[in-house]
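Chemist: Shown below is the structure under consideration.
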There are 2 protein chains.
Amino acid sequence: LETESISNDFEYVWHIVPVDLGERSYDILIGPGLLLEVAEDLKRLQLAHNYFIITDSNVKELLGTDLLNIFNQNDIQASLLSFPAGEESKNMETVVSLAREMVKLGADRSSAIIALGGGVVGDIAAFLASIYMRGISFIQLPTTLLAQVDSSVGGKTGVDLPEGKNLLGTFAQPKRVYADIATLASLPLRELKNGLAEVIKYGVIRSPELFDLLEKQGNEIINLEPELISHIVAQSCAIKADVVAKDEREGGLRRILNFGHTIGHAVEAAAGYQIAHGEAVAMGMVAASLLSVKKGLLSSHEADRIKKVIKGLGLPVAIPSTFSVKELVDLTKHDKKSIGGKVNFVLCESIGKTVIRDDVTDDELSEVIEECMSND
Amino acid sequence: LETESISNDFEYVWHIVPVDLGERSYDILIGPGLLLEVAEDLKRLQLAHNYFIITDSNVKELLGTDLLNIFNQNDIQASLLSFPAGEESKNMETVVSLAREMVKLGADRSSAIIALGGGVVGDIAAFLASIYMRGISFIQLPTTLLAQVDSSVGGKTGVDLPEGKNLLGTFAQPKRVYADIATLASLPLRELKNGLAEVIKYGVIRSPELFDLLEKQGNEIINLEPELISHIVAQSCAIKADVVAKDEREGGLRRILNFGHTIGHAVEAAAGYQIAHGEAVAMGMVAASLLSVKKGLLSSHEADRIKKVIKGLGLPVAIPSTFSVKELVDLTKHDKKSIGGKVNFVLCESIGKTVIRDDVTDDELSEVIEECMSND
């Protein structure tokens with residue numbers, strides 16, 4: 001997929017990925033150093049009268065205060081609001097408490113929210129924007145690789161209930177996304193891998209070229225070589241944007257984004273969510289590749305390439321053998337995306353090409369999970 | 001405005017008002033006895049796998065249990081959920097608690113919510129539907145005149161914060177509205193008048209014919225003559241639907257629906273919301289008519305007709321003289337719909353025709369409020 005580039009004062013090229021959703025269309029800007037330019041860009045765009053930067057306690061220290069200063073230096077009215085970092089904050093109490101703070105600070109229908117942080121910040125801040133006075137504008141500034149390649153495209157917002165994740169939320173599109181890849185340098189390696197698992201997924205489901213890059217330049221990627229990372233983030237966003245544009249509200253095509261996630265979610269649930277999402281998805285992708293081989297769709301050679309790329313980028317390829325195979329099979333069948341009891345598996349015909357199948361038997365699933373448990 | 005009619009097993013004609021919002025279009029069905037037909041109609045439409053009837057503690061006793069029984073008799077899976085009646089319940093805690101109950105009862109993306117009750121029930125239940133698993137279908141069964149002619153058209157949902165009313169919410173459209181005018185008989189007269197104030201508003205802003213009916217058949221209306229009330233509700237819905245269809249998200253035309261509400265809201269606020277909404281709007285409409293006369297837009301004769309209709313339907317035409325004129329002027333200027341400090345007043349050129357003006361001075365406003373205080 002082609003992405004546009006724009007020149008700027010930095011030594012690197014920025015990418016622009018347009019997300020085509022009719023009157024809700026927006027652009028994703030990608031590149032190192034973008035955070036420094038956001039205030040000026042928003043001033044030019046005149047999106048809102050004042051801005052409310054929402055972030056978590058960690059990102060506030062690392063980036064939030066600096067960003068607020070840049071807004072102030074540009075004479076843009078802005079406030080900085082934060083909540084305790086972590087998935088535990090992703091609930092309606094946080095949303096209500098941020099909303100009340102915004103009312104007290106004078107936020108009205110012409111204000112905009114800026115979500116500065118990872119997936120949790122994005123989900124909460126975008127959800128709040130979509131319900132504050134029945135909806136105000138918001139801008140995403142994703143600071144983790146996962147948020148940059150995944151949650152900043154697609155428009156899903158939401159919070160958890162004690163009964164489950166993301167049970168309350170909306171579909172809402174940002175006015176613009178700025179993915180500053182310089183922010184990735186301060187991420188723990190484990191966070192980075194969470195994002196890489198999704199990047200691998202995009203290659204497998206839609207782009208042999210992206211997959212080739214991951215296969216050949218693994219070291220440069222782990223070392224966060226700026227031009228390469230920008231390119232990879234742009235390609236990933238472009239793939240997701242293309243899929244989402246064709247299926248905004250999850251009717252059909254969008255399901256292919258679940259490659260590796262059906263079994264991955266089961267692994268996460270079996271681990272009581274004490275395993276990183278990216279690691280679970282990595283294991284799920286290995287399992288899905290093996291299922292594809294078992295169904296006669298994919299060659300063993302291709303499945304092996306997928307496994308090697310996952311391993312090469314430091315992600316796990318084996319499902320821990322301490323888990324019960326039967327429990328994993330049951331959890332897979334209770335995935336919330338199952339329809340009428342039938343589980344839809346995203347399988348792979350070749351790298352870059354997927355197919356949805358609902359005819360995977362419990363036996364086939366058990367065999368594949370067992371096989372994954374003996375991987376190394 | 002023309003509305004369609006359908007035949008049925010009852011002696012009265014039902015009205016259908018189509019609300020034209022592209023792919024979010026829906027029909028409002030209006031008539032006596034409709035509640036008895038909802039289950040069968042939904043069975044035919046196959047909108048959802050199961051239904052969650054949401055109501056308040058009062059309506060639950062009056063209608064909720066009966067409605068659940070009809071669903072059961074029709075072999076439709078349904079559950080009845082309720083919360084304590086009253087505006088105090090219109091908050092996010094109620095929404096979260098209903099959502100958790102729904103999860104436990106097995107509500108999923110193919111479930112639908114049925115809002116059975118007045119405005120508070122409608123606002124809460126529709127808001128919940130719009131965020132439950134990022135949005136499920138909902139159906140409105142408004143049981144007060146105000147909800148039938150006002151909140152069931154327009155798509156506004158929401159809850160209050162301690163800082164103000166309706167500060168969190170969404171725009172969301174129902175799949176269908178059933179306005180059973182037989183439910184109005186169990187309303188306290190004060191509730192009925194709340195709705196009548198809005199009906200008068202529709203006549204003044206858009207329909208000389210509706211206004212004539214209110215002028216000539218006041219007694220029959222207060223006595224809830226079924227065919228007449230059905231006709232009036234249908235006309236009111238058709239007018240609001242027409243306005244909303246032309247301006248779904250409140251850019252321009254929709255502002256005319258605020259006739260009488262700008263000063264009305266100030267009266268409500270000055271009274272600490274201890275005055276009925278309809279009574280405040282009634283006073284606001286009298287004031288807006290006088291303002292229209294003062295601006296040379298409306299004849300005194302027409303303003304007098306408006307005042308007489310309001311009084312004839314048992315609504316107040318005088319602003320209590322215990323209020324401070326200055327406070328009311330200040331409150332009017334702080335109405336949340338003011339833009340850039342300028343207050344937009346919906347004024348009247350003749351019955352059925354409005355104009356928006358932002359050039360009302362504080363002095364003019366004071367004089368009109370004082371004049372209203374000496375009304376009887």
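Residue numbering restarts at 1 for every chain of the structure tokens, chains are lettered A, B, ... in their displayed order, and ligands are numbered from 1 as they appear.
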Within 9 Å of chain A, which residues of chain B show up when using only C-alpha atoms, listed as a list in words?

Modeler: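 For chain B, the answer reads Met92, Glu93, Val96, Ala99, Arg100, Val103, Lys104, Asp108, Leu128, Ser130, Ile131, Tyr132, Met133, Arg134, Gly135, Lys156, Thr157, Gly158, Leu161, Pro162, Glu163, Gly164, Asn166, Leu167, Leu168, Gly169, Thr170, Phe171 and Lys336 of chain B.
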
Chemist: Hey, what's within 12 Å of region 16-24 of chain A if we count only C-alpha atoms and toss same-chain stuff fewer than 6 positions away? As a ChimeraX atom specification, please?

Modeler: /A:1-7,30-31,34,137,148-149,152-155,171-179,230-249

Chemist: Just asking: which residues within region 104-288 of chain A are alpha helix (DSSP H) according to DSSP, as an MDAnalysis selection string?

Modeler: chainID A and resid 104 119:131 145:146 189:206 208:216 218:222 226:246 261:270 277:288

Chemist: Which residues, written as a ChimeraX atom specification, have at least one atom at most 12 Å from Ser374 (chain B), with only C-alpha atoms counted and residues fewer than 2 positions away on the same chain left out?

Modeler: /B:283,286-287,317-322,367-372,376

Chemist: For the selection just defined, write its residues with all heavy atoms to a file, as a tab-separated table (two decimals), in the first residue's frame.

Modeler:
```
chain	number	residue	atom	x	y	z
B	283	MET	N	-44.04	29.57	30.47
B	283	MET	CA	-43.67	30.96	30.79
B	283	MET	C	-42.68	31.49	29.75
B	283	MET	O	-42.79	32.64	29.30
B	283	MET	CB	-42.99	31.03	32.16
B	283	MET	CG	-43.87	30.57	33.32
B	283	MET	SD	-42.88	30.45	34.84
B	283	MET	CE	-43.93	29.37	35.82
B	286	VAL	N	-44.45	32.52	26.56
B	286	VAL	CA	-45.13	33.81	26.69
B	286	VAL	C	-44.09	34.93	26.57
B	286	VAL	O	-44.28	35.91	25.83
B	286	VAL	CB	-45.88	33.90	28.05
B	286	VAL	CG1	-46.47	35.30	28.23
B	286	VAL	CG2	-46.97	32.84	28.12
B	287	ALA	N	-42.97	34.77	27.26
B	287	ALA	CA	-41.91	35.79	27.21
B	287	ALA	C	-41.37	35.94	25.80
B	287	ALA	O	-41.15	37.05	25.31
B	287	ALA	CB	-40.80	35.42	28.19
B	317	VAL	N	-48.89	31.43	32.72
B	317	VAL	CA	-48.42	32.44	31.77
B	317	VAL	C	-47.60	33.53	32.47
B	317	VAL	O	-47.02	34.39	31.81
B	317	VAL	CB	-49.60	33.09	31.02
B	317	VAL	CG1	-50.28	32.08	30.11
B	317	VAL	CG2	-50.62	33.68	32.00
B	318	ALA	N	-47.55	33.47	33.81
B	318	ALA	CA	-46.81	34.49	34.56
B	318	ALA	C	-45.55	33.92	35.17
B	318	ALA	O	-45.57	32.83	35.76
B	318	ALA	CB	-47.69	35.07	35.66
B	319	ILE	N	-44.41	34.63	35.02
B	319	ILE	CA	-43.20	34.25	35.73
B	319	ILE	C	-43.36	34.73	37.18
B	319	ILE	O	-43.74	35.89	37.39
B	319	ILE	CB	-41.97	34.91	35.07
B	319	ILE	CG1	-41.77	34.36	33.65
B	319	ILE	CG2	-40.71	34.68	35.91
B	319	ILE	CD1	-40.64	35.00	32.87
B	320	PRO	N	-43.12	33.85	38.17
B	320	PRO	CA	-43.33	34.27	39.57
B	320	PRO	C	-42.53	35.53	39.88
B	320	PRO	O	-41.34	35.61	39.59
B	320	PRO	CB	-42.81	33.07	40.38
B	320	PRO	CG	-42.90	31.91	39.45
B	320	PRO	CD	-42.67	32.46	38.09
B	321	SER	N	-43.18	36.52	40.47
B	321	SER	CA	-42.52	37.81	40.70
B	321	SER	C	-41.54	37.74	41.87
B	321	SER	O	-40.85	38.71	42.16
B	321	SER	CB	-43.56	38.90	40.92
B	321	SER	OG	-44.43	38.50	41.95
B	322	THR	N	-41.47	36.57	42.51
B	322	THR	CA	-40.49	36.40	43.59
B	322	THR	C	-39.07	36.22	43.02
B	322	THR	O	-38.09	36.38	43.74
B	322	THR	CB	-40.83	35.15	44.42
B	322	THR	OG1	-41.15	34.08	43.51
B	322	THR	CG2	-42.02	35.41	45.32
B	367	GLU	N	-37.30	43.98	30.39
B	367	GLU	CA	-38.66	44.53	30.26
B	367	GLU	C	-39.70	43.43	30.03
B	367	GLU	O	-40.77	43.43	30.64
B	367	GLU	CB	-38.71	45.51	29.07
B	367	GLU	CG	-38.07	46.87	29.38
B	367	GLU	CD	-37.75	47.65	28.10
B	367	GLU	OE1	-38.50	47.49	27.10
B	367	GLU	OE2	-36.77	48.40	28.11
B	368	VAL	N	-39.33	42.48	29.18
B	368	VAL	CA	-40.26	41.40	28.86
B	368	VAL	C	-40.49	40.49	30.07
B	368	VAL	O	-41.61	40.06	30.35
B	368	VAL	CB	-39.70	40.61	27.65
B	368	VAL	CG1	-40.25	39.22	27.62
B	368	VAL	CG2	-40.01	41.35	26.36
B	369	ILE	N	-39.41	40.21	30.80
B	369	ILE	CA	-39.56	39.36	32.00
B	369	ILE	C	-40.46	40.07	33.02
B	369	ILE	O	-41.36	39.45	33.61
B	369	ILE	CB	-38.18	39.01	32.59
B	369	ILE	CG1	-37.43	38.05	31.64
B	369	ILE	CG2	-38.31	38.38	33.97
B	369	ILE	CD1	-35.99	37.78	32.02
B	370	GLU	N	-40.24	41.38	33.19
B	370	GLU	CA	-41.09	42.13	34.12
B	370	GLU	C	-42.55	42.09	33.68
B	370	GLU	O	-43.45	41.91	34.49
B	370	GLU	CB	-40.62	43.59	34.20
B	370	GLU	CG	-39.59	43.80	35.30
B	370	GLU	CD	-38.91	45.16	35.19
B	370	GLU	OE1	-39.60	46.14	34.81
B	370	GLU	OE2	-37.70	45.23	35.46
B	371	GLU	N	-42.75	42.26	32.38
B	371	GLU	CA	-44.12	42.21	31.84
B	371	GLU	C	-44.78	40.86	32.15
B	371	GLU	O	-45.93	40.80	32.55
B	371	GLU	CB	-44.06	42.45	30.33
B	371	GLU	CG	-45.33	43.03	29.73
B	371	GLU	CD	-45.16	43.34	28.25
B	371	GLU	OE1	-44.05	43.78	27.84
B	371	GLU	OE2	-46.11	43.12	27.49
B	372	CYS	N	-43.99	39.78	31.99
B	372	CYS	CA	-44.52	38.44	32.27
B	372	CYS	C	-44.86	38.27	33.74
B	372	CYS	O	-45.73	37.49	34.10
B	372	CYS	CB	-43.49	37.37	31.89
B	372	CYS	SG	-43.49	36.99	30.16
B	376	ASP	N	-51.62	37.51	34.34
B	376	ASP	CA	-52.43	36.68	35.23
B	376	ASP	C	-53.22	35.67	34.41
B	376	ASP	O	-53.07	35.56	33.22
B	376	ASP	CB	-53.39	37.54	36.08
B	376	ASP	CG	-54.23	38.46	35.22
B	376	ASP	OD1	-54.61	38.05	34.10
B	376	ASP	OD2	-54.48	39.59	35.67
```

Chemist: Can you tell me which residues surround Asn194 (chain B) at a distance of at most 8 Å, considering only C-alpha atoms, apart from same-chain residues fewer than 6 positions away, and format the answer as a list in words?

Modeler: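 Here the answer would be Leu145, Leu146, Ala276, His277, Gly278 and Glu279 of chain B.
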
Chemist: Using only C-alpha atoms, can you tell me which of B:Gly260, B:Thr361, B:Asn375, B:Arg254 comes closest to Asp304 (chain B)?

Modeler: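 Nearest to Asp304 (chain B): B:Asn375.
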
Chemist: For Asn58 (chain B), which residue out of B:Ala182, B:Ala112, B:Leu187, B:Leu213 is the nearest one, using only C-alpha atoms?

Modeler: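 The closest residue to Asn58 (chain B) is B:Leu187.
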
Chemist: Just list as a tab-separated table (two decimals) with N, CA and C atoms, in the first residue's frame whatever in region 16-46 of chain B DSSP marks as strand (DSSP E or B).

Modeler:
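Output contents, as saved in states.tsv:
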```tsv
chain	number	residue	atom	x	y	z
B	16	ILE	N	-48.73	6.37	11.70
B	16	ILE	CA	-47.31	6.06	11.53
B	16	ILE	C	-46.59	7.33	11.09
B	17	VAL	N	-45.58	7.73	11.84
B	17	VAL	CA	-44.77	8.87	11.44
B	17	VAL	C	-43.38	8.36	11.07
B	18	PRO	N	-43.01	8.45	9.80
B	18	PRO	CA	-41.66	8.01	9.42
B	18	PRO	C	-40.63	9.10	9.78
B	19	VAL	N	-39.54	8.71	10.39
B	19	VAL	CA	-38.46	9.65	10.68
B	19	VAL	C	-37.34	9.34	9.70
B	26	TYR	N	-36.45	5.40	10.97
B	26	TYR	CA	-37.32	4.51	11.74
B	26	TYR	C	-38.74	5.06	11.73
B	27	ASP	N	-39.70	4.25	12.20
B	27	ASP	CA	-41.09	4.67	12.25
B	27	ASP	C	-41.55	4.88	13.69
B	28	ILE	N	-42.41	5.87	13.87
B	28	ILE	CA	-43.09	6.04	15.15
B	28	ILE	C	-44.53	5.60	14.95
B	29	LEU	N	-44.98	4.62	15.73
B	29	LEU	CA	-46.37	4.18	15.68
B	29	LEU	C	-47.10	4.83	16.85
B	30	ILE	N	-48.29	5.34	16.57
B	30	ILE	CA	-49.03	6.09	17.59
B	30	ILE	C	-50.47	5.63	17.63
B	31	GLY	N	-50.98	5.36	18.83
B	31	GLY	CA	-52.39	5.00	18.95
B	31	GLY	C	-52.68	4.36	20.29
```

Chemist: Give me, as an NGL selection string, all polymer residues having an atom no more than 12 Å from Glu327 (chain B), counting only C-alpha atoms and skipping those fewer than 2 positions away in the same chain.

Modeler: :B and (263 or 266-271 or 322-325 or 329-334 or 362 or 365-366 or 369)

Chemist: Store the residues of this selection in a file with N, CA and C atoms, as an mmCIF file, in the first residue's frame.

Modeler:
```cif
data_model
loop_
_atom_site.group_PDB
_atom_site.id
_atom_site.type_symbol
_atom_site.label_atom_id
_atom_site.label_comp_id
_atom_site.auth_asym_id
_atom_site.auth_seq_id
_atom_site.Cartn_x
_atom_site.Cartn_y
_atom_site.Cartn_z
ATOM 1 N N ILE B 263 -35.504 31.265 27.844
ATOM 2 C CA ILE B 263 -35.958 31.884 29.095
ATOM 3 C C ILE B 263 -36.509 30.800 30.032
ATOM 4 N N ALA B 266 -33.867 29.350 32.106
ATOM 5 C CA ALA B 266 -33.454 30.289 33.150
ATOM 6 C C ALA B 266 -34.412 30.219 34.330
ATOM 7 N N VAL B 267 -35.715 30.127 34.031
ATOM 8 C CA VAL B 267 -36.713 30.015 35.101
ATOM 9 C C VAL B 267 -36.503 28.717 35.888
ATOM 10 N N GLU B 268 -36.286 27.616 35.145
ATOM 11 C CA GLU B 268 -36.032 26.336 35.820
ATOM 12 C C GLU B 268 -34.829 26.431 36.754
ATOM 13 N N ALA B 269 -33.738 27.028 36.239
ATOM 14 C CA ALA B 269 -32.520 27.134 37.034
ATOM 15 C C ALA B 269 -32.755 28.022 38.252
ATOM 16 N N ALA B 270 -33.448 29.162 38.051
ATOM 17 C CA ALA B 270 -33.717 30.077 39.168
ATOM 18 C C ALA B 270 -34.553 29.391 40.238
ATOM 19 N N ALA B 271 -35.410 28.459 39.799
ATOM 20 C CA ALA B 271 -36.267 27.742 40.749
ATOM 21 C C ALA B 271 -35.560 26.514 41.316
ATOM 22 N N THR B 322 -41.469 36.572 42.511
ATOM 23 C CA THR B 322 -40.487 36.398 43.588
ATOM 24 C C THR B 322 -39.074 36.219 43.020
ATOM 25 N N PHE B 323 -38.973 35.904 41.729
ATOM 26 C CA PHE B 323 -37.641 35.762 41.118
ATOM 27 C C PHE B 323 -37.034 37.134 40.854
ATOM 28 N N SER B 324 -35.699 37.178 40.823
ATOM 29 C CA SER B 324 -35.017 38.426 40.491
ATOM 30 C C SER B 324 -34.885 38.540 38.972
ATOM 31 N N VAL B 325 -35.317 39.673 38.430
ATOM 32 C CA VAL B 325 -35.243 39.879 36.975
ATOM 33 C C VAL B 325 -33.794 39.793 36.508
ATOM 34 N N VAL B 329 -32.084 37.267 33.734
ATOM 35 C CA VAL B 329 -31.352 37.744 32.548
ATOM 36 C C VAL B 329 -29.964 37.086 32.502
ATOM 37 N N ASP B 330 -29.290 37.047 33.656
ATOM 38 C CA ASP B 330 -27.958 36.428 33.701
ATOM 39 C C ASP B 330 -28.015 34.947 33.352
ATOM 40 N N LEU B 331 -29.001 34.262 33.920
ATOM 41 C CA LEU B 331 -29.125 32.821 33.658
ATOM 42 C C LEU B 331 -29.406 32.569 32.177
ATOM 43 N N THR B 332 -30.185 33.421 31.570
ATOM 44 C CA THR B 332 -30.479 33.272 30.138
ATOM 45 C C THR B 332 -29.191 33.367 29.321
ATOM 46 N N LYS B 333 -28.334 34.300 29.735
ATOM 47 C CA LYS B 333 -27.094 34.470 28.973
ATOM 48 C C LYS B 333 -26.115 33.311 29.163
ATOM 49 N N HIS B 334 -26.293 32.539 30.246
ATOM 50 C CA HIS B 334 -25.398 31.404 30.469
ATOM 51 C C HIS B 334 -25.960 30.091 29.984
ATOM 52 N N ASP B 362 -30.065 43.253 26.908
ATOM 53 C CA ASP B 362 -30.416 42.947 28.298
ATOM 54 C C ASP B 362 -31.643 43.744 28.727
ATOM 55 N N LEU B 365 -34.798 42.229 27.325
ATOM 56 C CA LEU B 365 -35.070 40.984 28.037
ATOM 57 C C LEU B 365 -35.678 41.290 29.409
ATOM 58 N N SER B 366 -35.087 42.252 30.125
ATOM 59 C CA SER B 366 -35.593 42.636 31.449
ATOM 60 C C SER B 366 -37.037 43.117 31.366
ATOM 61 N N ILE B 369 -39.409 40.207 30.800
ATOM 62 C CA ILE B 369 -39.561 39.361 31.998
ATOM 63 C C ILE B 369 -40.455 40.067 33.019
#
```

Chemist: If you count only C-alpha atoms, which residues fall within 12 Å of Ser79 (chain B), apart from same-chain ones fewer than 5 positions away, as an MDAnalysis selection string?

Modeler: chainID B and resid 50:55 60 64:65 67:72 98 101:107 111:114

Chemist: Produce a file of the selected residues containing N, CA and C atoms, as a PDB file, in the first residue's frame.

Modeler:
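What landed in again00.pdb:
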```
ATOM      1  N   ASN B  50     -33.007 -11.500  21.836  1.00  0.00           N
ATOM      2  CA  ASN B  50     -33.688 -11.361  23.123  1.00  0.00           C
ATOM      3  C   ASN B  50     -33.765  -9.886  23.506  1.00  0.00           C
ATOM      4  N   TYR B  51     -34.691  -9.588  24.409  1.00  0.00           N
ATOM      5  CA  TYR B  51     -35.020  -8.188  24.730  1.00  0.00           C
ATOM      6  C   TYR B  51     -34.834  -7.901  26.216  1.00  0.00           C
ATOM      7  N   PHE B  52     -34.367  -6.706  26.513  1.00  0.00           N
ATOM      8  CA  PHE B  52     -34.199  -6.264  27.890  1.00  0.00           C
ATOM      9  C   PHE B  52     -35.063  -5.023  28.085  1.00  0.00           C
ATOM     10  N   ILE B  53     -36.176  -5.225  28.776  1.00  0.00           N
ATOM     11  CA  ILE B  53     -37.103  -4.112  29.023  1.00  0.00           C
ATOM     12  C   ILE B  53     -36.568  -3.321  30.208  1.00  0.00           C
ATOM     13  N   ILE B  54     -36.236  -2.050  29.969  1.00  0.00           N
ATOM     14  CA  ILE B  54     -35.724  -1.205  31.042  1.00  0.00           C
ATOM     15  C   ILE B  54     -36.775  -0.167  31.397  1.00  0.00           C
ATOM     16  N   THR B  55     -37.081  -0.069  32.695  1.00  0.00           N
ATOM     17  CA  THR B  55     -38.116   0.850  33.139  1.00  0.00           C
ATOM     18  C   THR B  55     -37.775   1.361  34.538  1.00  0.00           C
ATOM     19  N   LYS B  60     -42.730   0.071  36.241  1.00  0.00           N
ATOM     20  CA  LYS B  60     -42.628  -1.386  36.378  1.00  0.00           C
ATOM     21  C   LYS B  60     -43.941  -1.950  36.922  1.00  0.00           C
ATOM     22  N   GLY B  64     -44.806  -2.581  33.386  1.00  0.00           N
ATOM     23  CA  GLY B  64     -43.645  -3.412  33.075  1.00  0.00           C
ATOM     24  C   GLY B  64     -43.919  -4.899  33.172  1.00  0.00           C
ATOM     25  N   THR B  65     -44.498  -5.304  34.288  1.00  0.00           N
ATOM     26  CA  THR B  65     -44.736  -6.728  34.492  1.00  0.00           C
ATOM     27  C   THR B  65     -45.712  -7.272  33.449  1.00  0.00           C
ATOM     28  N   LEU B  67     -46.162  -6.115  30.432  1.00  0.00           N
ATOM     29  CA  LEU B  67     -45.482  -6.191  29.133  1.00  0.00           C
ATOM     30  C   LEU B  67     -44.593  -7.433  29.065  1.00  0.00           C
ATOM     31  N   LEU B  68     -43.880  -7.706  30.158  1.00  0.00           N
ATOM     32  CA  LEU B  68     -43.033  -8.900  30.196  1.00  0.00           C
ATOM     33  C   LEU B  68     -43.869 -10.155  29.963  1.00  0.00           C
ATOM     34  N   ASN B  69     -45.051 -10.201  30.594  1.00  0.00           N
ATOM     35  CA  ASN B  69     -45.928 -11.363  30.415  1.00  0.00           C
ATOM     36  C   ASN B  69     -46.334 -11.547  28.957  1.00  0.00           C
ATOM     37  N   ILE B  70     -46.641 -10.428  28.287  1.00  0.00           N
ATOM     38  CA  ILE B  70     -47.027 -10.532  26.869  1.00  0.00           C
ATOM     39  C   ILE B  70     -45.865 -11.085  26.038  1.00  0.00           C
ATOM     40  N   PHE B  71     -44.640 -10.629  26.345  1.00  0.00           N
ATOM     41  CA  PHE B  71     -43.473 -11.162  25.636  1.00  0.00           C
ATOM     42  C   PHE B  71     -43.371 -12.668  25.873  1.00  0.00           C
ATOM     43  N   ASN B  72     -43.519 -13.067  27.129  1.00  0.00           N
ATOM     44  CA  ASN B  72     -43.430 -14.495  27.447  1.00  0.00           C
ATOM     45  C   ASN B  72     -44.495 -15.301  26.721  1.00  0.00           C
ATOM     46  N   LEU B  98     -27.174  -1.244  35.431  1.00  0.00           N
ATOM     47  CA  LEU B  98     -28.027  -1.934  34.451  1.00  0.00           C
ATOM     48  C   LEU B  98     -27.183  -2.769  33.480  1.00  0.00           C
ATOM     49  N   GLU B 101     -26.048  -5.957  35.074  1.00  0.00           N
ATOM     50  CA  GLU B 101     -27.168  -6.896  35.159  1.00  0.00           C
ATOM     51  C   GLU B 101     -27.404  -7.565  33.800  1.00  0.00           C
ATOM     52  N   MET B 102     -27.317  -6.761  32.732  1.00  0.00           N
ATOM     53  CA  MET B 102     -27.529  -7.306  31.389  1.00  0.00           C
ATOM     54  C   MET B 102     -26.474  -8.344  31.030  1.00  0.00           C
ATOM     55  N   VAL B 103     -25.207  -8.067  31.374  1.00  0.00           N
ATOM     56  CA  VAL B 103     -24.144  -9.042  31.094  1.00  0.00           C
ATOM     57  C   VAL B 103     -24.467 -10.357  31.796  1.00  0.00           C
ATOM     58  N   LYS B 104     -24.858 -10.242  33.068  1.00  0.00           N
ATOM     59  CA  LYS B 104     -25.149 -11.460  33.841  1.00  0.00           C
ATOM     60  C   LYS B 104     -26.339 -12.217  33.266  1.00  0.00           C
ATOM     61  N   LEU B 105     -27.287 -11.481  32.655  1.00  0.00           N
ATOM     62  CA  LEU B 105     -28.458 -12.130  32.058  1.00  0.00           C
ATOM     63  C   LEU B 105     -28.191 -12.601  30.627  1.00  0.00           C
ATOM     64  N   GLY B 106     -26.941 -12.414  30.149  1.00  0.00           N
ATOM     65  CA  GLY B 106     -26.588 -12.957  28.841  1.00  0.00           C
ATOM     66  C   GLY B 106     -26.833 -12.034  27.660  1.00  0.00           C
ATOM     67  N   ALA B 107     -26.964 -10.736  27.889  1.00  0.00           N
ATOM     68  CA  ALA B 107     -27.162  -9.816  26.761  1.00  0.00           C
ATOM     69  C   ALA B 107     -25.897  -9.757  25.918  1.00  0.00           C
ATOM     70  N   SER B 111     -28.738  -8.618  21.157  1.00  0.00           N
ATOM     71  CA  SER B 111     -29.855  -8.286  22.041  1.00  0.00           C
ATOM     72  C   SER B 111     -30.341  -6.875  21.737  1.00  0.00           C
ATOM     73  N   ALA B 112     -31.540  -6.557  22.207  1.00  0.00           N
ATOM     74  CA  ALA B 112     -32.048  -5.185  22.065  1.00  0.00           C
ATOM     75  C   ALA B 112     -32.642  -4.726  23.387  1.00  0.00           C
ATOM     76  N   ILE B 113     -32.603  -3.414  23.584  1.00  0.00           N
ATOM     77  CA  ILE B 113     -33.170  -2.802  24.787  1.00  0.00           C
ATOM     78  C   ILE B 113     -34.516  -2.175  24.434  1.00  0.00           C
ATOM     79  N   ILE B 114     -35.468  -2.328  25.340  1.00  0.00           N
ATOM     80  CA  ILE B 114     -36.765  -1.657  25.190  1.00  0.00           C
ATOM     81  C   ILE B 114     -36.896  -0.650  26.323  1.00  0.00           C
TER      82      ILE B 114
END
```

Chemist: When distances are computed from only C-alpha atoms, which of B:Lys201, B:Arg255, B:Lys216, B:Lys311 shows the smallest separation from Val346 (chain B)?

Modeler: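 Nearest candidate to Val346 (chain B) out of B:Lys201, B:Arg255, B:Lys216, B:Lys311: B:Arg255.
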
Chemist: Which residues, written as a CSV table (one decimal) with all heavy atoms, in the first residue's frame, have at least one atom at most 10 Å from Leu189 (chain B), with only C-alpha atoms counted and residues fewer than 5 positions away on the same chain left out?

Modeler:
```csv
chain,number,residue,atom,x,y,z
B,184,LEU,N,-51.4,7.4,28.7
B,184,LEU,CA,-51.4,8.7,29.3
B,184,LEU,C,-52.5,8.9,30.3
B,184,LEU,O,-52.4,9.8,31.2
B,184,LEU,CB,-51.7,9.7,28.1
B,184,LEU,CG,-50.7,9.7,27.0
B,184,LEU,CD1,-51.1,10.7,25.9
B,184,LEU,CD2,-49.3,9.8,27.4
B,194,ASN,N,-46.9,19.0,31.1
B,194,ASN,CA,-45.5,19.0,30.7
B,194,ASN,C,-45.4,18.8,29.2
B,194,ASN,O,-44.6,19.4,28.5
B,194,ASN,CB,-44.7,18.0,31.4
B,194,ASN,CG,-43.9,18.5,32.6
B,194,ASN,OD1,-43.5,19.7,32.5
B,194,ASN,ND2,-43.6,17.7,33.5
B,222,ILE,N,-57.7,17.9,27.1
B,222,ILE,CA,-57.5,17.6,28.6
B,222,ILE,C,-58.2,16.3,29.0
B,222,ILE,O,-57.8,15.6,29.8
B,222,ILE,CB,-58.0,18.8,29.4
B,222,ILE,CG1,-57.2,20.1,29.2
B,222,ILE,CG2,-58.1,18.5,30.9
B,222,ILE,CD1,-55.8,20.0,29.8
B,314,GLY,N,-54.2,25.1,30.9
B,314,GLY,CA,-53.9,25.0,32.3
B,314,GLY,C,-52.5,25.2,32.7
B,314,GLY,O,-52.0,24.8,33.7
```
